Amino acid sequence: MERTWRWFGKNDKITLAMLKEIGVEGIVTALHDVPNGEVWTREKINDLKTYIESYGMRWSVVESLPVCESIKYAGKDRDRLIENYKESLKNLSLEGIHTVCYNFMPVLDWARTDLSHPNANGTTNLFFSHVQFAYFDICILKREGAEKEWSPEVLAEVERLKQTMTPEDDHNLVDTIIVKTQGFVSGNITEDDEHPVELFRQLLSLYKGITKEQLRENMKYFLEAIMPTCEEYDMYMCVHPDDPPFQILGLPRIVTCDEDINWFLNAVDNPHNGLTFCAGSLSAGKHNNITELAKKYASRTWFVHMRSCHIFPNGDFTEASHLGGRADLIELARIFEQINPNLPMRVDHGMTMLGDEERGYNAGYSFLGRMFAMGQVQGILATVDRELGIEYKQPGFFD
């Protein structure tokens, strides 16, 4: 697979020169300075593409060309926004970029309750606690009817947690769930907002009454609208699974499991409508058999996120080692290499280690932790390629 890396643009503390040194071939990025819903112009696309290519790499995947909330909940302006989206797809194609990773998750792109959960070896990882998230939902967000959606066991733990949480703890939880994990992606919330919780409530209210079935229909509407453009300009859309792959905050989630993936691929049965196979997101759900999903959907997968999660007995989960957890990355490499050895792959979230925490990286996107993971995955790919008789292109020194 092509070794790619998610990079957050020219202001990213991780430079392209650093990425070239560690054997990255392709860059996964976006025009982060363009407000959601506006057209990506050829000039802006070309500027960033040329900059990437000046370092000997290519812009392999767009992650992400955001799908505006109004498209997801079927707002009055969704048709205008879809037209803008189609224009951006056309412009990307004309500049030689043909793969777009996107998501159809309402409001939250991904959710964790701890961004620096300690591991036994001194590193830290992202972590999701059901009790902490329920506390946020019930006691901080104060979402109507929230108590009915949590189990008696979790509610009992929330009551105990109330006795120990301080105002500073509450602030840190809001910062983790709303600000640090969402602002740099969605642009909806920044650390300068005085009332992120109230803004978050407003975003949630846009989905009041939206069922899973309605959200599915809205996704189908969007895909049917853009497929003619995708066919004409050879653009491949690959949706990212919901993270985590289960319902949260009363919001419908529609890319969580085998049945969901099968539904959207068949609802708009076009090869340009595909999947980002995020082994990490899918492995955070006990209901998912990651290897079987990879086998079933490899032929409609246009981008792979190689990471893995470990689920604890109580359902909490953490990012695991790239050689451990519920996702067998060695077997996934075998599956995807046989289908397409040029498929773009990135290691996704990595540990925070060896001073990463002091360098101000985006949550989950450390440098040394991801470099360590990339080294592990490169070793997997070299071994699997030898097994399969595929020539492994080394990230060498002699190109």
# chains A, B, ... in the order shown; residues from 1 in each chain; ligands from 1

$ select_by_dssp --residues "range 353-396 of chain A" --states "helix (DSSP H, G or I)" --output "ChimeraX atom specification"
/A:356-358,368-388

$ write_last_selection --atoms "N, CA and C atoms" --output "short mmCIF file (atom, residue, chain, number, x, y, z; two decimals), in the first residue's frame"
data_model
loop_
_atom_site.label_atom_id
_atom_site.label_comp_id
_atom_site.auth_asym_id
_atom_site.auth_seq_id
_atom_site.Cartn_x
_atom_site.Cartn_y
_atom_site.Cartn_z
N ASP A 356 6.49 14.07 22.53
CA ASP A 356 5.42 14.52 21.62
C ASP A 356 4.47 15.49 22.32
N GLU A 357 4.20 15.20 23.59
CA GLU A 357 3.19 15.97 24.33
C GLU A 357 3.59 17.44 24.51
N GLU A 358 4.84 17.77 24.32
CA GLU A 358 5.32 19.13 24.54
C GLU A 358 5.34 19.96 23.24
N LEU A 368 6.30 11.43 16.72
CA LEU A 368 7.12 10.25 17.03
C LEU A 368 6.25 9.01 17.20
N GLY A 369 5.07 9.18 17.80
CA GLY A 369 4.18 8.03 17.97
C GLY A 369 3.71 7.47 16.64
N ARG A 370 3.37 8.35 15.72
CA ARG A 370 2.93 7.88 14.40
C ARG A 370 4.11 7.36 13.58
N MET A 371 5.29 7.97 13.76
CA MET A 371 6.46 7.47 13.06
C MET A 371 6.78 6.04 13.51
N PHE A 372 6.65 5.80 14.83
CA PHE A 372 6.86 4.45 15.37
C PHE A 372 5.85 3.48 14.75
N ALA A 373 4.59 3.91 14.67
CA ALA A 373 3.55 3.07 14.07
C ALA A 373 3.83 2.83 12.58
N MET A 374 4.29 3.87 11.88
CA MET A 374 4.61 3.71 10.47
C MET A 374 5.72 2.69 10.28
N GLY A 375 6.71 2.70 11.17
CA GLY A 375 7.77 1.71 11.10
C GLY A 375 7.24 0.30 11.28
N GLN A 376 6.31 0.13 12.22
CA GLN A 376 5.71 -1.19 12.43
C GLN A 376 4.95 -1.63 11.17
N VAL A 377 4.17 -0.74 10.61
CA VAL A 377 3.36 -1.10 9.44
C VAL A 377 4.24 -1.33 8.22
N GLN A 378 5.32 -0.56 8.07
CA GLN A 378 6.23 -0.79 6.96
C GLN A 378 6.82 -2.20 7.05
N GLY A 379 7.14 -2.63 8.27
CA GLY A 379 7.65 -3.99 8.45
C GLY A 379 6.61 -5.04 8.08
N ILE A 380 5.36 -4.77 8.44
CA ILE A 380 4.26 -5.68 8.07
C ILE A 380 4.16 -5.77 6.55
N LEU A 381 4.15 -4.61 5.89
CA LEU A 381 3.97 -4.60 4.44
C LEU A 381 5.13 -5.29 3.72
N ALA A 382 6.36 -5.09 4.19
CA ALA A 382 7.51 -5.73 3.56
C ALA A 382 7.40 -7.25 3.67
N THR A 383 6.98 -7.73 4.83
CA THR A 383 6.84 -9.17 5.04
C THR A 383 5.71 -9.75 4.19
N VAL A 384 4.55 -9.07 4.21
CA VAL A 384 3.40 -9.54 3.44
C VAL A 384 3.71 -9.53 1.95
N ASP A 385 4.37 -8.49 1.47
CA ASP A 385 4.70 -8.43 0.05
C ASP A 385 5.62 -9.58 -0.35
N ARG A 386 6.55 -9.93 0.53
CA ARG A 386 7.42 -11.07 0.21
C ARG A 386 6.59 -12.35 0.14
N GLU A 387 5.64 -12.51 1.07
CA GLU A 387 4.76 -13.68 1.03
C GLU A 387 3.99 -13.77 -0.28
N LEU A 388 3.52 -12.61 -0.74
CA LEU A 388 2.64 -12.57 -1.91
C LEU A 388 3.40 -12.45 -3.22
#

$ residues_around --residues "Phe136 in chain A" --least-positions-apart "2" --cutoff "10 Å" --atoms "only C-alpha atoms" --output "CSV table (one decimal) with C-alpha atoms, in the first residue's frame"
chain,number,residue,atom,x,y,z
A,113,THR,CA,-12.9,11.4,26.8
A,130,HIS,CA,-18.7,5.5,28.7
A,131,VAL,CA,-19.1,6.8,32.3
A,132,GLN,CA,-17.1,10.0,31.5
A,133,PHE,CA,-19.1,10.6,28.3
A,134,ALA,CA,-22.4,9.9,30.1
A,138,ILE,CA,-26.2,14.3,31.5
A,139,CYS,CA,-24.4,16.7,33.9
A,140,ILE,CA,-22.7,19.2,31.6
A,141,LEU,CA,-24.6,19.2,28.3
A,142,LYS,CA,-27.9,18.4,30.2
A,143,ARG,CA,-29.4,16.9,27.1
A,158,VAL,CA,-22.2,8.7,37.0
A,170,ASP,CA,-15.6,19.7,33.8
A,173,LEU,CA,-13.9,17.2,29.6
A,174,VAL,CA,-15.6,19.9,27.5
A,177,ILE,CA,-15.0,16.3,23.7
A,249,LEU,CA,-25.8,12.0,22.2

$ select_by_dssp --residues "range 90-329 of chain A" --states "strand (DSSP E)" --output "NGL selection string"
:A and (99-102 or 114-118 or 124-128 or 236-239 or 273-278 or 301-305 or 309-311 or 317-319)

$ residues_around --residues "Lys49 in chain A" --least-positions-apart "6" --cutoff "9 Å" --atoms "only C-alpha atoms" --output "JSON, numbers by chain"
{"A": [58, 59, 95, 97]}

$ write_last_selection --atoms "C-alpha atoms" --output "PDB file, in the first residue's frame"
ATOM      1  CA  ARG A  58       2.072  13.678  -3.953  1.00  0.00           C
ATOM      2  CA  TRP A  59      -1.321  14.782  -2.651  1.00  0.00           C
ATOM      3  CA  GLU A  95      -5.658  19.245 -10.659  1.00  0.00           C
ATOM      4  CA  ILE A  97      -6.487  14.528  -7.249  1.00  0.00           C
TER       5      ILE A  97
END

$ closest_residue --among "A:Trp40, A:Tyr55, A:Trp150, A:Phe367" --to "Lys20 in chain A" --atoms "only C-alpha atoms"
A:Tyr55

$ residues_around --residues "Asp348 in chain A" --least-positions-apart "6" --cutoff "9 Å" --atoms "only C-alpha atoms" --output "ChimeraX atom specification"
/A:5-6,278,280,305-307,364-365,370,373

$ closest_residue --among "A:Ile339, A:Thr256, A:Val154, A:Arg160" --to "Asn289 in chain A" --atoms "only C-alpha atoms"
A:Thr256

$ residues_around --residues "Leu204 in chain A" --least-positions-apart "4" --cutoff "9 Å" --atoms "only C-alpha atoms" --output "VMD selection string"
chain A and resid 106 to 107 199 to 200 208 249 to 251

$ write_last_selection --atoms "N, CA and C atoms" --output "compact mmCIF listing (two decimals), in the first residue's frame"
# COMPACT_ATOMS: atom_id res chain seq x y z
N PRO A 106 -23.16 13.23 12.19
CA PRO A 106 -23.73 14.49 12.67
C PRO A 106 -22.91 15.11 13.79
N VAL A 107 -22.56 16.36 13.66
CA VAL A 107 -21.94 17.21 14.69
C VAL A 107 -20.53 16.76 15.07
N LEU A 199 -22.98 26.47 22.11
CA LEU A 199 -22.87 26.32 20.67
C LEU A 199 -23.07 24.86 20.27
N PHE A 200 -22.53 23.96 21.08
CA PHE A 200 -22.70 22.54 20.82
C PHE A 200 -24.16 22.14 20.91
N LYS A 208 -32.78 17.51 15.72
CA LYS A 208 -33.96 17.09 16.48
C LYS A 208 -34.99 16.45 15.55
N LEU A 249 -25.16 10.72 22.13
CA LEU A 249 -25.85 12.01 22.24
C LEU A 249 -27.19 12.05 21.51
N GLY A 250 -27.80 10.89 21.34
CA GLY A 250 -29.08 10.82 20.67
C GLY A 250 -29.02 11.03 19.18
N LEU A 251 -27.80 11.10 18.65
CA LEU A 251 -27.62 11.34 17.21
C LEU A 251 -27.63 10.01 16.45

$ closest_residue --among "A:Gln163, A:Ser60, A:Gln247, A:Thr301" --to "Arg3 in chain A" --atoms "only C-alpha atoms"
A:Ser60

$ residues_around --residues "Asp234 in chain A" --least-positions-apart "6" --cutoff "9 Å" --atoms "only C-alpha atoms" --output "JSON, numbers by chain"
{"A": [93, 98, 99, 272]}

$ residues_around --residues "Thr29 in chain A" --least-positions-apart "5" --cutoff "8 Å" --atoms "only C-alpha atoms" --output "list in words"
Arg6, Trp7, Phe8, Gly9, Trp59, Val61, Val62, Glu63 and Ser64 of chain A

$ write_last_selection --atoms "N, CA and C atoms" --output "PDB file, in the first residue's frame"
ATOM      1  N   ARG A   6      -1.415  11.938   7.337  1.00  0.00           N
ATOM      2  CA  ARG A   6      -2.310  13.088   7.445  1.00  0.00           C
ATOM      3  C   ARG A   6      -1.523  14.300   7.923  1.00  0.00           C
ATOM      4  N   TRP A   7      -1.588  15.344   7.112  1.00  0.00           N
ATOM      5  CA  TRP A   7      -0.818  16.572   7.344  1.00  0.00           C
ATOM      6  C   TRP A   7      -1.787  17.747   7.283  1.00  0.00           C
ATOM      7  N   PHE A   8      -1.654  18.668   8.238  1.00  0.00           N
ATOM      8  CA  PHE A   8      -2.641  19.725   8.397  1.00  0.00           C
ATOM      9  C   PHE A   8      -2.233  21.048   7.745  1.00  0.00           C
ATOM     10  N   GLY A   9      -1.433  20.957   6.697  1.00  0.00           N
ATOM     11  CA  GLY A   9      -1.123  22.144   5.924  1.00  0.00           C
ATOM     12  C   GLY A   9       0.169  22.827   6.327  1.00  0.00           C
ATOM     13  N   TRP A  59      -0.081  14.639  -3.416  1.00  0.00           N
ATOM     14  CA  TRP A  59      -1.321  14.782  -2.651  1.00  0.00           C
ATOM     15  C   TRP A  59      -2.193  13.597  -3.044  1.00  0.00           C
ATOM     16  N   VAL A  61      -4.731  11.823  -1.098  1.00  0.00           N
ATOM     17  CA  VAL A  61      -6.126  11.753  -0.657  1.00  0.00           C
ATOM     18  C   VAL A  61      -6.514  13.086  -0.029  1.00  0.00           C
ATOM     19  N   VAL A  62      -7.714  13.537  -0.337  1.00  0.00           N
ATOM     20  CA  VAL A  62      -8.297  14.682   0.361  1.00  0.00           C
ATOM     21  C   VAL A  62      -9.000  14.156   1.604  1.00  0.00           C
ATOM     22  N   GLU A  63      -8.584  14.610   2.746  1.00  0.00           N
ATOM     23  CA  GLU A  63      -9.289  14.298   4.000  1.00  0.00           C
ATOM     24  C   GLU A  63      -9.267  15.546   4.861  1.00  0.00           C
ATOM     25  N   SER A  64     -10.357  16.272   4.802  1.00  0.00           N
ATOM     26  CA  SER A  64     -11.581  15.920   4.134  1.00  0.00           C
ATOM     27  C   SER A  64     -12.103  17.136   3.397  1.00  0.00           C
TER      28      SER A  64
END

$ atom_distance --atom1 "CA of Asp328 in chain A" --atom2 "CA of Gly389 in chain A"
20.9 Å

$ atom_distance --atom1 "CA of Leu323 in chain A" --atom2 "CA of Gln338 in chain A"
20.1 Å

$ closest_residue --among "A:Glu319, A:Glu157, A:Asp269, A:Glu259" --to "Ala284 in chain A" --atoms "only C-alpha atoms"
A:Glu319

$ closest_residue --among "A:Trp302, A:Ala279, A:Asn340, A:Glu159" --to "His322 in chain A" --atoms "only C-alpha atoms"
A:Ala279

$ closest_residue --among "A:Gly26, A:Pro252, A:Gly285, A:Gly274" --to "His240 in chain A" --atoms "only C-alpha atoms"
A:Gly274

$ closest_atom_pairs --of "range 238-281 of chain A" --to "range 220-224 of chain A" --cutoff "10 Å" --atoms "only C-alpha atoms" --output "JSON lines"
{"residue": "A:Trp263", "atom": "CA", "partner": "A:Lys220", "partner_atom": "CA", "distance": 9.9}
{"residue": "A:Phe264", "atom": "CA", "partner": "A:Lys220", "partner_atom": "CA", "distance": 7.3}
{"residue": "A:Leu265", "atom": "CA", "partner": "A:Lys220", "partner_atom": "CA", "distance": 9.7}
{"residue": "A:Asn266", "atom": "CA", "partner": "A:Lys220", "partner_atom": "CA", "distance": 10.0}
{"residue": "A:Ala267", "atom": "CA", "partner": "A:Lys220", "partner_atom": "CA", "distance": 6.6}
{"residue": "A:Val268", "atom": "CA", "partner": "A:Glu224", "partner_atom": "CA", "distance": 6.6}
{"residue": "A:Asp269", "atom": "CA", "partner": "A:Glu224", "partner_atom": "CA", "distance": 9.6}
{"residue": "A:Asn270", "atom": "CA", "partner": "A:Glu224", "partner_atom": "CA", "distance": 9.5}
{"residue": "A:His272", "atom": "CA", "partner": "A:Leu223", "partner_atom": "CA", "distance": 9.6}
{"residue": "A:Asn273", "atom": "CA", "partner": "A:Leu223", "partner_atom": "CA", "distance": 7.5}

$ write_last_selection --atoms "C-alpha atoms" --output "PDB file, in the first residue's frame"
ATOM      1  CA  TRP A 263     -26.735  -0.407   2.857  1.00  0.00           C
ATOM      2  CA  PHE A 264     -24.928   2.716   1.604  1.00  0.00           C
ATOM      3  CA  LEU A 265     -22.879   0.821  -1.003  1.00  0.00           C
ATOM      4  CA  ASN A 266     -26.039  -0.701  -2.448  1.00  0.00           C
ATOM      5  CA  ALA A 267     -28.220   2.391  -2.014  1.00  0.00           C
ATOM      6  CA  VAL A 268     -25.979   4.110  -4.560  1.00  0.00           C
ATOM      7  CA  ASP A 269     -24.339   1.182  -6.310  1.00  0.00           C
ATOM      8  CA  ASN A 270     -21.546   2.933  -8.141  1.00  0.00           C
ATOM      9  CA  HIS A 272     -17.179   5.839  -7.223  1.00  0.00           C
ATOM     10  CA  ASN A 273     -19.160   5.405  -3.982  1.00  0.00           C
TER      11      ASN A 273
END

$ atom_distance --atom1 "CA of Glu198 in chain A" --atom2 "CA of Glu38 in chain A"
25.2 Å
